[in-house]
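Student: To start, I am sharing the structure in question, which I have written as structure tokens.
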Amino acid sequence: MINKVQKHEQEAVLEILRQDPSRSMFIDGDIHQNGWETNYQEVWIDRSNTGIDAIYLRYHKNLVVYAIHAIADAEALKTFIHGLSIQFLSGCKKHLELLGLNTLQTFDFRAMYFCECKEIDNPITNTQVIMAEPKHAKAIAEAIIQISEFAEMTSLEERVERITERLSSGKGCAAIILEGDKVIAHANTAVETDHAVMVGSVLTLPTYRNQGLATQVVSTLTKHCLEDGKIPCLFYDNPKAGSIYHRLGYVTFDTWMMGTKR
């Protein structure tokens, strides 16, 4: 049976998420940042006789899944997902498998290696790398829009506003390398909880590549996260990028599946 999380159930849900901080990061982080129910976010639990089998969080048109046991009523889940009119569904591979293949047949999935770092290996110290401040937001945004894989229908002004807010509020941080006033390498935290943090938007401008700059910003940001008592995590599907992360101490522990509705 699927129902919205009630107030008396909230602590039980949070306790499940705390036990697995890396895999539960997106649900945990969104709950702490946005609450249990808004016009763009809702949280449900799927219960059976064994207790809570799964937790589902909708953020706008995205549904994130955290599953503990195989779902008893796959048809009810399929109807539930269809009723949400979502465009994207994501979660760890082993969790999505617990939903039943029939539930997922209307989505095309992209598989990403899911890594975490509990102790940094071969940390790289480079005085060029600094932690970004709100004054760097425009230069960061100008660097990001030059990278095709980060392209989205967002204006430069909106990106600057979003980055400024995150850096000013402490909801995120970034490590950067500057050349003059230009950001030439960058990595930031995209999602944060009390226990884990997602590293993303790793980039080096095209004319500055093959100098180890991406390794340097990721190393600095990883060290910053660990010193803050949080486990840094990241996704990748590019083997070249993966070799950078593994040299720094990141270990692949799961596969993250990102599904787009057909």
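Ordered as shown in the structure tokens, chains take letters A, B, and onward, while each chain numbers its residues from 1 and ligands are numbered from 1 in the order shown.
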For Gln87 (chain A), list every protein, DNA or RNA residue within 8 Å, evaluated using only C-alpha atoms, and leave out those in the same chain fewer than 4 positions away; present the list as JSON, numbers by chain.

Tutor: {"A": [61, 62, 260, 261]}

Student: How about saving the chosen residues, N, CA and C atoms kept, as a PDB file, in the first residue's frame?

Tutor:
```pdb
ATOM      1  N   LYS A  61       9.126  16.880 -11.896  1.00  0.00           N
ATOM      2  CA  LYS A  61       8.776  15.731 -12.744  1.00  0.00           C
ATOM      3  C   LYS A  61       9.773  14.573 -12.594  1.00  0.00           C
ATOM      4  N   ASN A  62      10.518  14.593 -11.486  1.00  0.00           N
ATOM      5  CA  ASN A  62      11.489  13.537 -11.203  1.00  0.00           C
ATOM      6  C   ASN A  62      11.000  12.676 -10.044  1.00  0.00           C
ATOM      7  N   THR A 260      14.468   7.970 -18.451  1.00  0.00           N
ATOM      8  CA  THR A 260      13.664   8.994 -19.112  1.00  0.00           C
ATOM      9  C   THR A 260      12.456   8.317 -19.748  1.00  0.00           C
ATOM     10  N   LYS A 261      11.281   8.878 -19.537  1.00  0.00           N
ATOM     11  CA  LYS A 261      10.066   8.269 -20.066  1.00  0.00           C
ATOM     12  C   LYS A 261      10.051   8.336 -21.579  1.00  0.00           C
TER      13      LYS A 261
END
```

Student: Considering only C-alpha atoms, return as a ChimeraX atom specification whatever protein or nucleic-acid residues lie within 9 Å of region 137-141 of chain A, sequence-local ones (same chain, fewer than 6 positions apart) excluded.

Tutor: /A:156-157,159-164,167,176,181-186

Student: Could you find all residues in region 16-253 of chain A that DSSP calls alpha helix (DSSP H) from the backbone, and write them as number ranges by chain?

Tutor: A: 16-18, 25-34, 74-84, 93-97, 101-104, 137-144, 156-169, 213-227, 239-247

Student: For Arg110 (chain A), which residue out of A:Ile2, A:Met257, A:Met131, A:Ala190 is the nearest one, using only C-alpha atoms?

Tutor: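 Of A:Ile2, A:Met257, A:Met131, A:Ala190, the one nearest Arg110 (chain A), counting only C-alpha atoms, is A:Met257.
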
Student: Could you check the closest approach to Gly170 (chain A) for each of A:Met258, A:Lys240, A:Glu192, A:Gly35 and tell me which residue wins, using only C-alpha atoms?

Tutor: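 Of all the options, A:Glu192 lies closest to Gly170 (chain A).
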
Student: So, with only C-alpha atoms as the atoms that count, which of A:Thr106, A:Ser90, A:Thr215, A:Ser168 lies closest to Ala187 (chain A)?

Tutor: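 The shortest atom-to-atom distance to Ala187 (chain A) comes from A:Thr215.
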
Student: Pick out the closest residue to Cys115 (chain A) from this set: A:Ile16, A:Val251, A:Val43, A:Met1. Count only C-alpha atoms.

Tutor: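 With only C-alpha atoms as the atom set, the closest residue is A:Val251.
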
Student: Skip Ile27 (chain A) itself and residues of its chain fewer than 6 positions away, then list as an mmCIF file with N, CA and C atoms, in the first residue's frame all residues within 8 Å of it, counting only C-alpha atoms.

Tutor:
```cif
data_model
loop_
_atom_site.group_PDB
_atom_site.id
_atom_site.type_symbol
_atom_site.label_atom_id
_atom_site.label_comp_id
_atom_site.auth_asym_id
_atom_site.auth_seq_id
_atom_site.Cartn_x
_atom_site.Cartn_y
_atom_site.Cartn_z
ATOM 1 N N TYR A 56 9.481 6.756 -1.935
ATOM 2 C CA TYR A 56 9.454 7.445 -3.216
ATOM 3 C C TYR A 56 9.378 8.952 -2.968
ATOM 4 N N LEU A 57 10.199 9.700 -3.677
ATOM 5 C CA LEU A 57 10.147 11.162 -3.586
ATOM 6 C C LEU A 57 9.989 11.748 -4.973
ATOM 7 N N VAL A 64 12.455 9.775 -7.423
ATOM 8 C CA VAL A 64 13.634 9.065 -6.921
ATOM 9 C C VAL A 64 13.147 7.934 -6.033
ATOM 10 N N TYR A 66 13.968 4.673 -3.345
ATOM 11 C CA TYR A 66 14.844 3.951 -2.411
ATOM 12 C C TYR A 66 14.051 2.736 -1.949
#
```

Student: One decimal, in Å: what's the spacing between CA of Glu142 (chain A) and CA of Gly172 (chain A)?

Tutor: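 Interatomic distance, CA of Glu142 (chain A) to CA of Gly172 (chain A): 18.2 Å.
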
Student: Excluding Ala241 (chain A) and residues on its chain fewer than 4 positions from it, collect all residues at most 10 Å away from it, counting only C-alpha atoms, and give them as a list in words.

Tutor: Val202, Ala214, Thr215, Phe235, Tyr236, Asp237, Tyr245 and His246 of chain A

Student: Compare A:Ile120, A:Ala67, A:Ala143, A:Leu178 by their minimum atom-to-atom distance to Leu205 (chain A), counting only C-alpha atoms, and give me the closest one.

Tutor: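 That would be A:Ala143, the residue with the smallest distance to Leu205 (chain A).
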
Student: Neighbours of Lys7 (chain A) within 12 Å (only C-alpha atoms; same-chain residues fewer than 3 positions away dropped), as a list in words?

Tutor: Lys4, Gln10, Glu11, Ala12, Val13, Leu14, Gly35, Trp36, Glu37, Val43 and Trp44 of chain A

Student: Need to verify the contact set: Leu77 (chain A), 9 Å, only C-alpha atoms, exclusion of same-chain residues closer than 5 positions in sequence. Can you return it as a CSV table (one decimal) with N, CA and C atoms, in the first residue's frame?

Tutor:
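Result saved to out-v8.csv:
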```
chain,number,residue,atom,x,y,z
A,1,MET,N,0.8,-1.2,0.0
A,1,MET,CA,0.0,0.0,0.0
A,1,MET,C,0.9,1.2,0.0
A,2,ILE,N,0.6,2.2,-0.9
A,2,ILE,CA,1.4,3.4,-1.0
A,2,ILE,C,0.6,4.6,-0.4
A,46,ASP,N,5.9,2.8,0.6
A,46,ASP,CA,5.2,1.6,0.1
A,46,ASP,C,5.3,0.6,1.2
A,71,ILE,N,8.8,-5.3,-4.1
A,71,ILE,CA,7.5,-4.7,-3.9
A,71,ILE,C,6.4,-5.8,-4.1
A,82,HIS,N,2.4,6.0,-13.0
A,82,HIS,CA,1.7,6.5,-14.2
A,82,HIS,C,0.9,7.8,-13.8
A,99,LEU,N,11.5,-3.2,-7.8
A,99,LEU,CA,10.2,-2.7,-8.2
A,99,LEU,C,9.5,-3.6,-9.2
A,103,THR,N,7.2,-2.6,-14.1
A,103,THR,CA,7.0,-1.3,-13.6
A,103,THR,C,7.9,-0.3,-14.4
```

Student: Please list as a PyMOL selection string every residue within 12 Å of Glu149 (chain A), counting only C-alpha atoms and excluding residues in the same chain fewer than 6 positions away.

Tutor: chain A and resi 200-203+238
